[in-house]
file coords-v2.cif (mmCIF, C-alpha atoms)
data_target
#
loop_
_atom_site.label_atom_id
_atom_site.label_comp_id
_atom_site.auth_asym_id
_atom_site.auth_seq_id
_atom_site.Cartn_x
_atom_site.Cartn_y
_atom_site.Cartn_z
CA MET I 1 0.00 0.00 0.00
CA ASN I 2 1.11 3.56 -0.64
CA LEU I 3 1.13 5.94 2.32
CA LYS I 4 1.62 9.68 2.58
CA LEU I 5 3.89 10.55 5.51
CA LEU I 6 4.06 13.93 7.26
CA PHE I 7 6.51 15.08 9.93
CA PHE I 8 6.22 18.12 12.16
CA ALA I 9 8.21 20.35 14.48
CA ARG I 10 11.34 18.89 16.09
CA LEU I 11 10.92 15.54 14.29
CA ARG I 12 10.62 17.30 10.93
CA GLU I 13 13.93 19.03 11.60
CA THR I 14 15.77 16.01 13.04
CA LEU I 15 14.61 13.61 10.31
CA GLY I 16 15.18 16.28 7.67
CA VAL I 17 11.88 15.70 5.88
CA SER I 18 8.44 17.28 6.09
CA ARG I 19 6.58 14.95 3.71
CA ASP I 20 7.34 11.67 2.03
CA SER I 21 5.63 8.76 0.34
CA PHE I 22 6.15 5.23 1.58
CA THR I 23 5.20 1.79 0.33
CA LEU I 24 4.35 -0.97 2.79
CA ASN I 25 3.03 -4.51 2.30
CA ALA I 26 -0.61 -4.95 3.33
CA PRO I 27 -2.03 -5.69 5.82
CA ALA I 28 -0.13 -3.35 8.12
CA THR I 29 -0.54 -1.31 11.30
CA VAL I 30 1.16 1.81 12.62
CA ALA I 31 3.60 -0.51 14.44
CA ASP I 32 4.59 -2.12 11.12
CA LEU I 33 5.19 1.29 9.55
CA LEU I 34 7.35 2.42 12.48
CA GLY I 35 9.36 -0.81 12.21
CA ALA I 36 9.96 -0.20 8.50
CA LEU I 37 11.00 3.41 9.15
CA ARG I 38 13.41 2.33 11.94
CA ASP I 39 15.02 -0.05 9.44
CA ARG I 40 16.30 3.02 7.61
CA GLY I 41 18.77 3.29 10.51
CA GLY I 42 20.52 6.43 11.76
CA VAL I 43 18.24 9.16 13.11
CA TRP I 44 15.20 7.12 12.02
CA ALA I 45 16.14 4.29 14.35
CA THR I 46 16.99 6.70 17.18
CA GLU I 47 14.06 9.08 16.96
CA LEU I 48 11.39 6.43 16.41
CA ALA I 49 12.83 3.93 18.90
CA THR I 50 10.42 2.23 21.30
CA GLY I 51 9.99 4.41 24.37
CA ARG I 52 10.71 7.69 22.57
CA ASN I 53 8.00 10.27 23.10
CA PHE I 54 6.18 10.92 19.83
CA ARG I 55 2.63 10.85 18.54
CA ILE I 56 0.99 9.39 15.43
CA ALA I 57 -2.09 10.55 13.57
CA VAL I 58 -3.73 8.55 10.78
CA ASN I 59 -5.91 10.58 8.42
CA GLN I 60 -5.74 13.47 10.90
CA GLU I 61 -7.05 11.45 13.87
CA MET I 62 -4.83 10.47 16.81
CA ALA I 63 -3.76 6.84 16.41
CA ASP I 64 -1.80 4.19 18.29
CA LEU I 65 0.47 1.28 17.43
CA ASN I 66 -2.47 -1.02 16.67
CA THR I 67 -4.22 1.34 14.27
CA PRO I 68 -4.61 -0.45 10.91
CA LEU I 69 -3.36 1.30 7.76
CA SER I 70 -5.00 1.34 4.33
CA GLU I 71 -4.02 2.36 0.83
CA GLY I 72 -3.68 6.15 0.54
CA ASP I 73 -3.66 6.86 4.29
CA GLU I 74 -2.05 10.05 5.53
CA VAL I 75 0.19 9.23 8.50
CA ALA I 76 1.68 12.05 10.55
CA ILE I 77 4.47 11.61 13.10
CA PHE I 78 5.15 14.44 15.55
CA PRO I 79 6.31 15.34 19.06
CA PRO I 80 3.81 15.82 21.91
CA VAL I 81 1.88 19.04 21.18
CA THR I 82 2.75 22.35 22.84
CA GLY I 83 0.18 24.88 21.65
CA GLY I 84 -1.93 27.28 23.61
CA MET D 1 -19.02 27.82 16.65
CA LYS D 2 -16.03 29.64 15.23
CA ILE D 3 -12.65 27.94 14.83
CA ALA D 4 -9.78 29.92 13.31
CA VAL D 5 -6.05 29.35 12.87
CA GLN D 6 -4.48 32.56 11.65
CA THR D 7 -1.35 34.71 11.62
CA GLU D 8 -3.22 37.98 12.20
CA VAL D 9 -3.99 39.30 15.66
CA PHE D 10 -7.63 38.98 16.82
CA ASP D 11 -9.89 41.55 18.45
CA LEU D 12 -11.05 40.19 21.81
CA ASN D 13 -13.91 42.65 22.11
CA ALA D 14 -15.20 41.98 18.59
CA GLU D 15 -15.11 38.21 19.17
CA VAL D 16 -16.99 38.50 22.48
CA THR D 17 -19.56 40.84 20.96
CA ALA D 18 -20.17 38.39 18.09
CA LEU D 19 -20.98 35.65 20.63
CA HIS D 20 -23.94 37.42 22.22
CA ARG D 21 -25.01 40.28 19.91
CA ASN D 22 -28.02 38.47 18.49
CA ASN D 23 -28.57 35.90 21.21
CA PRO D 24 -30.52 37.06 24.27
CA SER D 25 -30.29 33.54 25.77
CA VAL D 26 -26.63 34.24 26.53
CA GLY D 27 -26.09 35.43 30.08
CA ALA D 28 -22.41 34.57 30.56
CA ILE D 29 -19.28 34.61 28.43
CA ALA D 30 -16.02 33.23 29.82
CA THR D 31 -12.86 34.08 27.90
CA PHE D 32 -9.31 32.82 28.10
CA LEU D 33 -6.55 34.84 26.46
CA GLY D 34 -3.11 33.25 26.20
CA THR D 35 -0.11 35.49 25.54
CA VAL D 36 3.50 34.79 24.59
CA ARG D 37 5.59 34.43 27.74
CA SER D 38 9.27 35.22 27.96
CA GLU D 39 10.56 33.97 31.28
CA SER D 40 13.37 36.23 32.51
CA GLY D 41 13.18 38.06 29.18
CA GLN D 42 15.08 35.20 27.50
CA VAL D 43 12.68 34.65 24.59
CA SER D 44 12.89 37.09 21.70
CA GLU D 45 10.44 35.25 19.42
CA MET D 46 7.98 32.36 19.55
CA ALA D 47 7.23 30.50 16.31
CA LEU D 48 4.07 28.40 16.08
CA GLU D 49 3.85 25.43 13.73
CA HIS D 50 0.69 23.38 13.21
CA TYR D 51 -0.80 20.55 11.15
CA PRO D 52 -3.15 22.25 8.68
CA GLY D 53 -6.36 20.27 8.35
CA MET D 54 -5.96 18.22 11.51
CA THR D 55 -5.71 21.32 13.69
CA GLU D 56 -9.11 22.66 12.68
CA LYS D 57 -10.70 19.20 13.01
CA ALA D 58 -9.16 18.65 16.45
CA LEU D 59 -10.32 22.05 17.71
CA ALA D 60 -13.85 21.50 16.40
CA ALA D 61 -13.95 18.07 18.08
CA ILE D 62 -12.83 19.59 21.40
CA VAL D 63 -15.55 22.25 21.23
CA GLN D 64 -18.15 19.61 20.32
CA GLU D 65 -17.06 17.54 23.32
CA ALA D 66 -17.49 20.62 25.54
CA GLN D 67 -20.95 21.16 24.05
CA SER D 68 -21.90 17.59 24.90
CA ARG D 69 -20.88 18.11 28.55
CA TRP D 70 -22.19 21.61 29.27
CA ALA D 71 -25.02 23.83 27.99
CA VAL D 72 -22.76 25.85 25.68
CA LEU D 73 -24.71 28.24 23.46
CA ASP D 74 -21.76 29.26 21.28
CA ALA D 75 -17.97 29.19 21.35
CA THR D 76 -15.00 30.73 19.57
CA VAL D 77 -11.46 29.36 19.43
CA ILE D 78 -8.75 31.35 17.66
CA HIS D 79 -5.11 30.23 17.65
CA ARG D 80 -2.36 32.22 16.00
CA ILE D 81 0.57 30.70 14.10
CA GLY D 82 3.83 32.01 12.70
CA PRO D 83 6.38 34.16 14.48
CA LEU D 84 5.09 36.03 17.55
CA ALA D 85 6.80 38.42 19.94
CA PRO D 86 6.62 38.24 23.75
CA CYS D 87 3.38 39.73 25.15
CA GLU D 88 1.48 39.16 21.90
CA PRO D 89 -1.85 37.33 22.16
CA ILE D 90 -1.55 33.75 20.94
CA VAL D 91 -4.84 31.99 21.74
CA LEU D 92 -8.42 32.97 22.53
CA VAL D 93 -11.15 30.69 23.86
CA ALA D 94 -14.53 32.32 24.46
CA VAL D 95 -17.58 30.36 25.59
CA ALA D 96 -21.15 31.67 25.81
CA SER D 97 -23.80 30.05 27.97
CA ALA D 98 -26.83 31.06 30.01
CA HIS D 99 -24.97 31.03 33.35
CA ARG D 100 -21.37 31.48 34.46
CA GLY D 101 -20.72 27.98 35.81
CA GLU D 102 -21.12 26.30 32.44
CA ALA D 103 -19.13 29.02 30.67
CA PHE D 104 -16.18 28.82 33.10
CA ALA D 105 -16.07 25.02 33.05
CA ALA D 106 -16.36 24.66 29.27
CA CYS D 107 -13.74 27.37 28.68
CA GLU D 108 -11.24 25.65 30.97
CA PHE D 109 -12.00 22.23 29.47
CA ILE D 110 -11.44 23.52 25.92
CA MET D 111 -8.10 25.09 26.92
CA ASP D 112 -6.92 21.94 28.73
CA PHE D 113 -7.72 19.79 25.70
CA LEU D 114 -6.29 22.30 23.21
CA LYS D 115 -3.00 22.14 25.14
CA THR D 116 -2.78 18.35 24.91
CA ARG D 117 -4.74 17.35 21.79
CA ALA D 118 -4.48 20.11 19.15
CA PRO D 119 -1.44 19.74 16.87
CA PHE D 120 0.48 22.96 17.54
CA TRP D 121 4.19 23.19 18.38
CA LYS D 122 6.09 26.14 19.82
CA LYS D 123 9.69 26.99 19.03
CA GLU D 124 11.37 29.67 21.13
CA THR D 125 14.21 31.84 19.92
CA THR D 126 16.62 32.96 22.64
CA THR D 127 20.17 34.31 22.56
CA ALA D 128 21.21 30.63 22.55
CA GLY D 129 19.29 29.97 19.30
CA GLY D 130 16.07 28.14 18.45
CA GLN D 131 14.64 25.55 20.83
CA TRP D 132 11.46 23.47 20.52
CA VAL D 133 9.35 23.78 23.66
CA ASP D 134 8.90 20.48 25.55
CA ALA D 135 5.41 19.30 26.46
CA ARG D 136 4.62 19.84 30.15
CA THR D 137 3.38 16.89 32.18
CA GLY D 138 1.18 19.34 34.13
CA ASP D 139 -0.78 19.99 30.93
CA GLU D 140 -1.55 16.28 30.55
CA SER D 141 -2.70 16.03 34.20
CA ALA D 142 -4.91 19.09 33.66
CA ALA D 143 -6.62 17.34 30.74
CA GLN D 144 -6.86 13.99 32.60
CA ARG D 145 -8.92 15.48 35.42
CA TRP D 146 -11.84 15.93 32.99
CA ASN D 147 -11.99 12.17 32.36
CA LYS D 148 -15.40 10.78 33.08
CA PRO D 149 -15.39 8.20 35.91
#
call {"tool": "encode", "arguments": {"input": "coords-v2.cif", "output": "structure tokens"}}
result
Amino acid sequence: MNLKLLFFARLRETLGVSRDSFTLNAPATVADLLGALRDRGGVWATELATGRNFRIAVNQEMADLNTPLSEGDEVAIFPPVTGG
Amino acid sequence: MKIAVQTEVFDLNAEVTALHRNNPSVGAIATFLGTVRSESGQVSEMALEHYPGMTEKALAAIVQEAQSRWAVLDATVIHRIGPLAPCEPIVLVAVASAHRGEAFAACEFIMDFLKTRAPFWKKETTTAGGQWVDARTGDESAAQRWNKP
């Protein structure tokens, strides 16, 4: 399946990308996507490591590791929010 | 309901007036105005980044949740983005209801959830350079206290 990835704030800067497209074998969950991104190594493995504090949204709704992914989904990865 | 994410400054008085001008059922309007803080004068600029699309949806969902819990007659949430200077207004939450209790509670609820659920990120510029602001655990506890038993 083809996914649209978005990165924000500190993660956007550290990973050096604000948007990307990514292909993953179906069926897959958020956990599978994170695993595939960690396999890129370097900052990807460090920043997205288990236990690091980041959030995921799928199609602009907050998601968790078990959230299933579908063709064309928009997946955003970002630090805990600090607005207001 | 009015939800806005904008670079321009907002007019508090105009926003409050719009909430009750044509609605005689309104008897109370609670407002929260957040401004850019510079502790010890260290911050020269605050940049706000957000997730266009999700931000507006998240704010609307928070206001709808407040409306399901309290008798809210109308509400306005405006959050500014882009570079802001210390002392500038950054966020406005205004809630209209018949009586003050509902307005105060809903206003505080919306702010607590905005702080922890709406996709905004602050980056401070100080003499030491740019620094992303870390999320405060106190903000999460503030939101948790609204959890239904």
call {"tool": "resolve_selection", "arguments": {"input": "coords-v2.cif", "expression": "the PyMOL selection byres ((chain D) within 8 of (chain I))", "output": "PyMOL selection string"}}
result
chain D and resi 34+48-51+53-54+57-58+79+90-91+111+114-122+132-136
call {"tool": "atom_distance", "arguments": {"input": "coords-v2.cif", "atom1": "atom CA of Glu140 of chain D", "atom2": "atom CA of Val43 of chain I"}}
result
27.3 Å
call {"tool": "residues_near_point", "arguments": {"input": "coords-v2.cif", "point": "(-14.9, 31.3, 33.2)", "cutoff": "6 Å", "atoms": "all atoms listed in the file", "output": "number ranges by chain"}}
result
D: 30, 103-104
call {"tool": "resolve_selection", "arguments": {"input": "coords-v2.cif", "expression": "the PyMOL selection byres ((chain I and resi 17-19) around 6)", "output": "list in words"}}
result
Leu5, Leu6, Phe7, Arg12, Leu15, Gly16 and Asp20 of chain I
call {"tool": "residues_around", "arguments": {"input": "coords-v2.cif", "residues": "segment 12-18 of chain D", "least_positions_apart": "3", "cutoff": "9 Å", "atoms": "all atoms listed in the file", "output": "number ranges by chain"}}
result
D: 21-22, 29, 31, 33, 76, 92, 94-96
call {"tool": "atom_distance", "arguments": {"input": "coords-v2.cif", "atom1": "atom CA of Leu11 of chain I", "atom2": "atom CA of Ser40 of chain D"}}
result
27.7 Å
call {"tool": "residues_around", "arguments": {"input": "coords-v2.cif", "residues": "Pro83 of chain D", "least_positions_apart": "2", "cutoff": "9 Å", "atoms": "all atoms listed in the file", "output": "tab-separated table (two decimals) with C-alpha atoms, keeping the file's coordinate frame"}}
result
chain	number	residue	atom	x	y	z
D	7	THR	CA	-1.35	34.71	11.62
D	45	GLU	CA	10.44	35.25	19.42
D	46	MET	CA	7.98	32.36	19.55
D	47	ALA	CA	7.23	30.50	16.31
D	48	LEU	CA	4.07	28.40	16.08
D	81	ILE	CA	0.57	30.70	14.10
D	85	ALA	CA	6.80	38.42	19.94
call {"tool": "atom_distance", "arguments": {"input": "coords-v2.cif", "atom1": "atom CA of Glu88 of chain D", "atom2": "atom CA of Val72 of chain D"}}
result
27.9 Å
call {"tool": "closest_residue", "arguments": {"input": "coords-v2.cif", "among": "D:Gln64, D:Ser97, D:Ser141, D:Thr126", "to": "Ser25 of chain D", "atoms": "all atoms listed in the file"}}
result
D:Ser97
call {"tool": "residues_around", "arguments": {"input": "coords-v2.cif", "residues": "Thr50 of chain I", "least_positions_apart": "6", "cutoff": "10 Å", "atoms": "all atoms listed in the file", "output": "ChimeraX atom specification"}}
result
/I:34-35,38
call {"tool": "write_last_selection", "arguments": {"input": "coords-v2.cif", "atoms": "C-alpha atoms", "output": "mmCIF file, in the frame of the given file"}}
result
data_model
loop_
_atom_site.group_PDB
_atom_site.id
_atom_site.type_symbol
_atom_site.label_atom_id
_atom_site.label_comp_id
_atom_site.auth_asym_id
_atom_site.auth_seq_id
_atom_site.Cartn_x
_atom_site.Cartn_y
_atom_site.Cartn_z
ATOM 1 C CA LEU I 34 7.350 2.420 12.480
ATOM 2 C CA GLY I 35 9.360 -0.810 12.210
ATOM 3 C CA ARG I 38 13.410 2.330 11.940
#
call {"tool": "axis_aligned_box", "arguments": {"input": "coords-v2.cif", "around": "segment 24-41 of chain I", "padding_each_side": "4 Å", "output": "lines of an AutoDock Vina configuration file"}}
result
center_x = 8.4
center_y = -1.1
center_z = 8.4
size_x = 28.8
size_y = 17.1
size_z = 20.1
call {"tool": "closest_residue", "arguments": {"input": "coords-v2.cif", "among": "I:Met1, I:Leu33, I:Ala26, I:Ala45", "to": "Val75 of chain I", "atoms": "only C-alpha atoms"}}
result
I:Leu33
call {"tool": "residues_around", "arguments": {"input": "coords-v2.cif", "residues": "Val9 of chain D", "least_positions_apart": "2", "cutoff": "8 Å", "atoms": "all atoms listed in the file", "output": "list in words"}}
result
Gln6, Thr7, Asp11, Arg80 and Pro89 of chain D
call {"tool": "write_last_selection", "arguments": {"input": "coords-v2.cif", "atoms": "C-alpha atoms", "output": "PDB file, keeping the file's coordinate frame"}}
result
ATOM      1  CA  GLN D   6      -4.480  32.560  11.650  1.00  0.00           C
ATOM      2  CA  THR D   7      -1.350  34.710  11.620  1.00  0.00           C
ATOM      3  CA  ASP D  11      -9.890  41.550  18.450  1.00  0.00           C
ATOM      4  CA  ARG D  80      -2.360  32.220  16.000  1.00  0.00           C
ATOM      5  CA  PRO D  89      -1.850  37.330  22.160  1.00  0.00           C
TER       6      PRO D  89
END
